[in-house]
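The block underneath contains the structure these notes are about, expressed in structure tokens.
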Amino acid sequence: MTDLSKFAGIPSPCYVMYEEALEANLQLLRLVEEESGVSIICALKGFAFWHSFPLIRNYLSGATASSLNEARLIAEEMQCEAHTYAPVYLEEEFESLLFYSSHLTFNSLSQWYKYKEKALSVNKKISFGLRVNPEYSEVTTDLYNPALPGSRLGILVENMPPHLPEHIEGLHFHVLCENDSYALENALKAFEERFAHLIKECKWVNLGGGHHITREDYDIAHLIEILKQFKARYPNLEEVILEPGEAVGWQTGVLISTVEDVIENRGTKIAMLNISFSCHLPDCLEMPYKPAVLGATEPDENSKNVYRLGGSSCLAGDYIGMGDFAFNEPLEPGDLIVFDDMIHYTMVKTTYFNGVKHPAIGVVKADGEFILLSEPGQYEDYKKKLS
Ligand SMILES: Cc1ncc(COP(=O)(O)O)c(C=O)c1O
């Protein structure tokens, strides 16, 4: 039986990150950097736990931003310049983005030509790139597949000029999501089939995110090998960049929640929690997937205490629809329900739908000390989002 007593004294609801687990991920990512000679940067869209940015900076080569807010957070808390890419840039933000960026990638040639003059007029060195679409992906969930027909992400090969436009120094693609090194190998094949003539003119290429490098069964040796081979095919490349988010935050912490009520609907027992799947762990509904709950198992015909886990918003679908959970004991109000692996793509995607309260955020340092970093969301936070 899983002992949840270690969570006593931590408020509920609360995202809790274990810095030791983060450091183990960072050590592995650093090893890949050292062995393959690529740069690995942290994608804030997936992992923006900025309390630990100084730790990340010790291991990785920086971070990637997809907005001005992310770029500024990188400058303030990681103290480096961002590799920036967004599907569209906003006029009113562009100069600030240049200020915070070392690399800046455009999603289309029209965006490049729109901003080129401004981009070239800044008084510092920024390396500019274009996102291309290799039209290959092994991602099976359409919501996360940037290579579907009609995709708005990246330039198709037939829309690229025969040579890189003047002042463009890099190419970027992103077509993976929770994929292994063999999917990357196939994506690289598609990328090179279409764009090899342009890769030969680049200073850098960025292979995007979606590399599940820190997952237990990931073939690290194979990844290092294919990256080395790729670099050997293009000796002109000064830098090859990978920008994972999920792999940085993978298995680094939990979301603690509490049962507030237990109700029954014609034989289905439902534990109503003080968190919302829609607002606090939306990937459970969007992907969808069934999260791991500490101490809970898959129900079978012998299971006695089987519960559906329900969220606190009034969205009809705010519950784990991918299956119910079996517990050793009947659930009662006040019991803790602890969701595992809830640090990536959770805090960065929260919403104030229904005005629900945001969980607190805390960290367990390497010496075991728990530090509460932010209190649960307050009324002022909710009000400020509206007017
Ligand atoms: C352009 C780009 N880079 C990097 C990432 C990070 O991907 P992941 O967190 O799956 O590694 C994403 C995710 O959507 C992305 O769109």
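Residues in the structure tokens are named by chain (A, B, ... in the order shown) and by number from 1 within that chain; ligands are numbered from 1 in the order shown.
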**Selection within 8 Å of ligand 1 by only C-alpha atoms and all ligand atoms, output as an NGL selection string** = :A and (43-47 or 64 or 66 or 85-86 or 144 or 173-174 or 176-178 or 208-212 or 243-248 or 344-345)
**Item:** Per-residue DSSP, region 69-194 of chain A, filtered to strand (DSSP E or B), as a list of chain:residue names
**Value:** A:Ala82, A:His83, A:Thr84, A:Tyr85, A:Ser101, A:Ser102, A:His103, A:Leu104, A:Thr105, A:Phe106, A:Ser127, A:Phe128, A:Gly129, A:Leu130, A:Arg131, A:Val132, A:Ile155, A:Ile168, A:Glu169, A:Gly170, A:Leu171, A:His172, A:Asn179
**Message:** Can you pull out the residues contacting Tyr319 (chain A)? Cut-off 9 Å, using only C-alpha atoms, and skip same-chain residues under 6 positions away; I want them as a count of residues only.
**Reply:** 11
**Request:** State, in Å with one decimal place, the distance from CA of Tyr100 (chain A) to CA of Glu81 (chain A).
**Result:**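 Going from CA of Tyr100 (chain A) over to CA of Glu81 (chain A) covers 5.4 Å.
Using only C-alpha atoms, the residues found no farther than 10 Å from Trp50 (chain A), other than those of its own chain fewer than 6 positions away, are Leu44, Ile56, Leu73, Ile74, Glu76, Glu77 and Met78 of chain A.
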**Request:** Just the residues within 9 Å of region 213-227 of chain A, please, counting only C-alpha atoms, with nothing from its chain fewer than 3 positions along; format it as a PyMOL selection string.
**Result:** chain A and resi 24-26+28-29+32-33+35-38+178-182+184-185+210+230-232+240+244+246-251
**Request:** Write down as a VMD selection string the residues belonging to region 44-254 of chain A that are assigned alpha helix (DSSP H) by DSSP computed on the backbone.
**Result:** chain A and resid 53 to 59 68 to 73 91 to 100 109 to 120 181 to 199 220 to 233 246 to 249
**Coordinates-based distance that separates CA of Leu60 (chain A) from CA of Leu188 (chain A) (Å, one decimal)** =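 Computing the Euclidean distance for CA of Leu188 (chain A) and CA of Leu60 (chain A) yields 22.6 Å.
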**Request:** Fewer than 2 positions away in the same chain doesn't count, so skip those; otherwise give me all residues within 8 Å of Leu171 (chain A), counting only C-alpha atoms, as a list in words.
**Result:** Thr105, Gly129, Leu130, Arg131, Val132, Glu169, Phe173, Ile199, Cys202, Trp204, Val205 and Asn206 of chain A
**Request:** Rank nothing, just name the residue among A:Gln79, A:Thr252, A:Ser387, A:Gln229 nearest to Arg57 (chain A), using only C-alpha atoms.
**Result:**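 Under the stated criterion, the closest residue is A:Gln79.
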**Item:** Asn274 (chain A) environment, 10 Å, only C-alpha atoms, sequence neighbours closer than 4 positions dropped, as a PyMOL selection string
**Value:** chain A and resi 12-13+256-261+310-313+337+356-359
Selected residues written out, C-alpha atoms, as a PDB file, in the first residue's frame:
ATOM      1  CA  SER A  12      -3.876  20.613  -1.033  1.00  0.00           C
ATOM      2  CA  PRO A  13      -4.166  21.127  -3.908  1.00  0.00           C
ATOM      3  CA  ILE A 256      -1.784  16.508  -4.579  1.00  0.00           C
ATOM      4  CA  SER A 257      -5.558  16.763  -4.339  1.00  0.00           C
ATOM      5  CA  THR A 258      -8.248  15.958  -1.779  1.00  0.00           C
ATOM      6  CA  VAL A 259     -11.577  14.142  -1.936  1.00  0.00           C
ATOM      7  CA  GLU A 260     -14.294  16.673  -1.077  1.00  0.00           C
ATOM      8  CA  ASP A 261     -17.349  14.508  -1.633  1.00  0.00           C
ATOM      9  CA  GLY A 310     -14.293  13.877 -10.858  1.00  0.00           C
ATOM     10  CA  GLY A 311     -13.113  17.471 -11.139  1.00  0.00           C
ATOM     11  CA  SER A 312     -14.518  20.571  -9.493  1.00  0.00           C
ATOM     12  CA  SER A 313     -15.636  22.553 -12.545  1.00  0.00           C
ATOM     13  CA  ILE A 337      -5.538  11.637  -4.168  1.00  0.00           C
ATOM     14  CA  VAL A 356     -11.653  27.682  -9.817  1.00  0.00           C
ATOM     15  CA  LYS A 357      -8.747  28.138  -7.494  1.00  0.00           C
ATOM     16  CA  HIS A 358      -5.247  27.338  -8.721  1.00  0.00           C
ATOM     17  CA  PRO A 359      -3.217  24.770  -6.793  1.00  0.00           C
TER      18      PRO A 359
END
